[in-house]
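**Q** Pasting a structure below so you can have a look.
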Amino acid sequence: MFRLGRLATTVLATLAAAWLTGCGGADAPKFKLTDVTGANLGKALNLNDHNGRPRTLADFRGKVVAVFFGFTHCPDVCPTTLAELAQVVKELGPDGGKVQVLFVTVDPERDTPEVLKQYVPSFNPGFLGLYGDAEATARAAREFKLFYQKQPAKDGGYSVDHSAGTFFLDGEGRLRLFAQYGQGGAAILHDIRLLLAGA
Ligand SMILES: [Cu+2]
C-alpha cells in the first residue's frame, strides 16, 4: 500500500544531512530519533482543526508538538502511528498533557472535519485533526517537505501514498526531531521526555 517514493527518499537524505551538520557537541542530548534541529522546515502551519477552529503552531507553545501527515482511509501506517503516539502519551502520565499530537490530512476531499472528528480523538481525546483545502494542504506539506500523491485503486476509489514519519517540535515551536515510521514508541517516549526536560 505504501511506497516510499524517490521524493520521500530525498527528504530523508536531506534530513540526514541536516542531522550531520545540525548537531554534534559532546554535550548534545542523546536523542534516539533523528535530530533535525536547525533544519529549514516546519516553521509554519495554517490549517483548521476538526472543530473548525483556525490553528497555527503558535497555539501550542509550551507543549511538545508531534506532527503527522496521513489520511483516515489509510489501512496501516496512519492508524499504527496514531496508536503508537497514544500509547506514548499514556505512558507519560501527567506529562502527557504537555504533548499535542496533530494529524494533518493529506486527503481533505474525503477527510472532512466530521470524519476527522470521529477518527482522530478515537486514539486520544486530546489529539487534533487538521485540514485545509487542496492548496493549504499542499502548502503545509511543502513546509515539512512531505510527499503525498493520490493513487487510483482497482475498485475505482483511490489511496494516498505519503511519506511516513512524525515531526516533533519543542515547547518553543522549534522543529527538533523526526521519527521514521517503525522506529517505535520507546524511542519516541525517551526523546519526548528529553524535550520536556528542556533538551
Ligand atoms: Cu497512512
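Labels for the C-alpha cells follow display order: chains A, B, ..., residues from 1 in each chain, ligands from 1.
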Mind running stretch 11-121 of chain A against stretch 153-160 of chain A at 12 Å and telling me each contacting residue's nearest atom pair with the distance in Å (one decimal), counting only C-alpha atoms, chain and number ascending, as JSON lines?
**A**
{"residue": "A:Phe69", "atom": "CA", "partner": "A:Val160", "partner_atom": "CA", "distance": 11.0}
{"residue": "A:Gly70", "atom": "CA", "partner": "A:Val160", "partner_atom": "CA", "distance": 8.3}
{"residue": "A:Phe71", "atom": "CA", "partner": "A:Val160", "partner_atom": "CA", "distance": 7.5}
{"residue": "A:Thr72", "atom": "CA", "partner": "A:Val160", "partner_atom": "CA", "distance": 10.1}
{"residue": "A:His73", "atom": "CA", "partner": "A:Ser159", "partner_atom": "CA", "distance": 7.6}
{"residue": "A:Cys74", "atom": "CA", "partner": "A:Ser159", "partner_atom": "CA", "distance": 7.4}
{"residue": "A:Pro75", "atom": "CA", "partner": "A:Ser159", "partner_atom": "CA", "distance": 9.4}
{"residue": "A:Asp76", "atom": "CA", "partner": "A:Ser159", "partner_atom": "CA", "distance": 11.9}
{"residue": "A:Val77", "atom": "CA", "partner": "A:Val160", "partner_atom": "CA", "distance": 11.4}
{"residue": "A:Cys78", "atom": "CA", "partner": "A:Val160", "partner_atom": "CA", "distance": 11.2}
{"residue": "A:Thr105", "atom": "CA", "partner": "A:Val160", "partner_atom": "CA", "distance": 10.3}
{"residue": "A:Val106", "atom": "CA", "partner": "A:Val160", "partner_atom": "CA", "distance": 7.6}
{"residue": "A:Asp107", "atom": "CA", "partner": "A:Val160", "partner_atom": "CA", "distance": 7.3}
{"residue": "A:Pro108", "atom": "CA", "partner": "A:Val160", "partner_atom": "CA", "distance": 11.1}
{"residue": "A:Glu109", "atom": "CA", "partner": "A:Tyr158", "partner_atom": "CA", "distance": 11.2}
{"residue": "A:Arg110", "atom": "CA", "partner": "A:Tyr158", "partner_atom": "CA", "distance": 10.4}
{"residue": "A:Asp111", "atom": "CA", "partner": "A:Val160", "partner_atom": "CA", "distance": 12.0}
**Q** List as a compact mmCIF listing (two decimals) with N, CA and C atoms, in the first residue's frame the protein and nucleic acid residues near A:Pro29, meaning an atom at most 12 Å away when only C-alpha atoms are counted, but skip any in the same chain fewer than 3 places from it.
**A**
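Result file is out-v8.txt:
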# COMPACT_ATOMS: atom_id res chain seq x y z
N CYS A 23 24.10 19.11 14.57
CA CYS A 23 24.46 18.97 15.96
C CYS A 23 25.81 18.28 16.07
N GLY A 24 26.22 17.99 17.25
CA GLY A 24 27.48 17.27 17.35
C GLY A 24 28.27 17.54 18.61
N GLY A 25 27.96 18.59 19.36
CA GLY A 25 28.74 18.86 20.56
C GLY A 25 28.74 17.68 21.50
N ALA A 26 29.76 17.57 22.33
CA ALA A 26 29.87 16.43 23.23
C ALA A 26 28.70 16.40 24.21
N LYS A 32 17.31 9.47 20.48
CA LYS A 32 17.26 8.21 19.73
C LYS A 32 16.69 8.45 18.32
N LEU A 33 15.85 9.48 18.20
CA LEU A 33 15.28 9.81 16.89
C LEU A 33 16.27 10.69 16.13
N THR A 34 15.92 11.03 14.89
CA THR A 34 16.82 11.86 14.09
C THR A 34 16.70 13.32 14.53
N ASP A 35 17.84 13.89 14.92
CA ASP A 35 17.86 15.28 15.36
C ASP A 35 17.88 16.18 14.13
N THR A 37 17.22 19.52 14.41
CA THR A 37 17.27 20.89 14.92
C THR A 37 18.00 21.80 13.92
N ARG A 176 12.54 19.89 16.07
CA ARG A 176 13.69 19.25 16.71
C ARG A 176 14.00 17.85 16.22
N LEU A 177 12.95 17.02 16.09
CA LEU A 177 13.21 15.60 15.84
C LEU A 177 12.31 15.04 14.75
N HIS A 190 11.24 8.17 24.99
CA HIS A 190 12.55 8.59 25.51
C HIS A 190 12.87 10.03 25.11
N ASP A 191 12.66 10.33 23.81
CA ASP A 191 13.05 11.65 23.32
C ASP A 191 12.06 12.74 23.75
N ILE A 192 10.79 12.41 23.85
CA ILE A 192 9.84 13.42 24.33
C ILE A 192 10.19 13.79 25.77
N ARG A 193 10.59 12.81 26.55
CA ARG A 193 11.00 13.11 27.94
C ARG A 193 12.17 14.09 27.95
N LEU A 194 13.12 13.87 27.03
CA LEU A 194 14.26 14.80 26.94
C LEU A 194 13.80 16.20 26.57
N LEU A 195 12.90 16.28 25.59
CA LEU A 195 12.39 17.60 25.16
C LEU A 195 11.65 18.29 26.31
N ALA A 197 12.18 17.91 29.35
CA ALA A 197 13.15 18.29 30.38
C ALA A 197 14.00 19.48 29.92
N GLY A 198 13.69 19.97 28.73
CA GLY A 198 14.40 21.17 28.24
C GLY A 198 15.59 20.91 27.37
N ALA A 199 15.73 19.68 26.87
CA ALA A 199 16.88 19.36 25.99
C ALA A 199 16.77 20.12 24.68
**Q** Extract the full set of alpha helix (DSSP H) residues from chain A according to DSSP on the backbone, and format it as a VMD selection string.
**A** chain A and resid 6 to 22 77 to 91 113 to 119 134 to 143 185 to 196
**Q** Check the smallest atom-to-atom distance from each of A:Asp49, A:Asp95, A:Glu114, A:Asp161 to ligand 1 using only C-alpha atoms and all ligand atoms, then report the winner.
**A** A:Asp161
**Q** With only C-alpha atoms and all ligand atoms as the atoms that count, which of A:Ala138, A:Ala164, A:Ala179, A:Val65 lies nearest to ligand 1?
**A** A:Ala164
**Q** When you look at A:Thr166 with a cut-off of 8 Å (counting only C-alpha atoms), what residues show up, excluding the ones that are within fewer than 4 positions of it in the same chain? I need them as a ChimeraX atom specification.
**A** /A:66-69,178-181
**Q** I'd like the interatomic distance between atom CA of A:Val115 and atom CA of A:Lys43, to a tenth of an Å.
**A**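 Atom CA of A:Lys43 lies at a distance of 27.0 Å from atom CA of A:Val115.
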**Q** Pick out the residues sitting within 10 Å of A:Gly96, and hand them over as a list of chain:residue names; count only C-alpha atoms, and ignore anything fewer than 2 positions along from it in its own chain.
**A**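 Non-adjacent residues within range: A:Lys63, A:Val64, A:Ala86, A:Gln87, A:Val88, A:Val89, A:Lys90, A:Glu91, A:Leu92, A:Gly93, A:Pro94, A:Lys98, A:Val99, A:Gln100, A:Gly126, A:Ile192, A:Arg193.
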**Q** Take the residues just selected and output them with N, CA and C atoms as a CSV table (one decimal), in the first residue's frame.
**A**
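Below is the file that was written, selection_7.csv:
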chain,number,residue,atom,x,y,z
A,63,LYS,N,4.1,23.3,24.6
A,63,LYS,CA,3.9,21.9,24.5
A,63,LYS,C,4.9,21.3,23.5
A,64,VAL,N,5.2,20.1,23.7
A,64,VAL,CA,5.9,19.3,22.6
A,64,VAL,C,4.8,19.0,21.6
A,86,ALA,N,-0.5,7.5,20.9
A,86,ALA,CA,-1.5,7.5,22.0
A,86,ALA,C,-0.9,6.7,23.2
A,87,GLN,N,-0.2,5.6,22.9
A,87,GLN,CA,0.5,4.8,23.9
A,87,GLN,C,1.6,5.6,24.6
A,88,VAL,N,2.3,6.4,23.8
A,88,VAL,CA,3.4,7.2,24.4
A,88,VAL,C,2.8,8.2,25.4
A,89,VAL,N,1.8,8.9,24.9
A,89,VAL,CA,1.2,10.0,25.7
A,89,VAL,C,0.6,9.3,27.0
A,90,LYS,N,0.1,8.2,26.9
A,90,LYS,CA,-0.5,7.5,28.1
A,90,LYS,C,0.7,7.1,29.1
A,91,GLU,N,1.8,6.7,28.5
A,91,GLU,CA,2.9,6.3,29.4
A,91,GLU,C,3.6,7.5,30.0
A,92,LEU,N,3.4,8.7,29.5
A,92,LEU,CA,3.9,9.9,30.1
A,92,LEU,C,3.2,10.3,31.3
A,93,GLY,N,2.0,9.7,31.5
A,93,GLY,CA,1.2,10.1,32.7
A,93,GLY,C,0.8,11.5,32.7
A,94,PRO,N,1.0,12.2,33.8
A,94,PRO,CA,0.5,13.6,33.8
A,94,PRO,C,1.2,14.5,32.8
A,98,LYS,N,1.3,17.7,28.3
A,98,LYS,CA,2.3,18.7,27.7
A,98,LYS,C,2.6,18.3,26.3
A,99,VAL,N,1.9,17.3,25.7
A,99,VAL,CA,2.2,16.9,24.4
A,99,VAL,C,0.9,17.1,23.5
A,100,GLN,N,1.1,17.7,22.4
A,100,GLN,CA,0.0,17.9,21.5
A,100,GLN,C,0.3,17.1,20.2
A,126,GLY,N,-7.4,14.1,23.2
A,126,GLY,CA,-6.7,15.4,23.0
A,126,GLY,C,-6.1,15.6,21.7
A,192,ILE,N,10.8,12.4,23.9
A,192,ILE,CA,9.8,13.4,24.3
A,192,ILE,C,10.2,13.8,25.8
A,193,ARG,N,10.6,12.8,26.5
A,193,ARG,CA,11.0,13.1,27.9
A,193,ARG,C,12.2,14.1,27.9
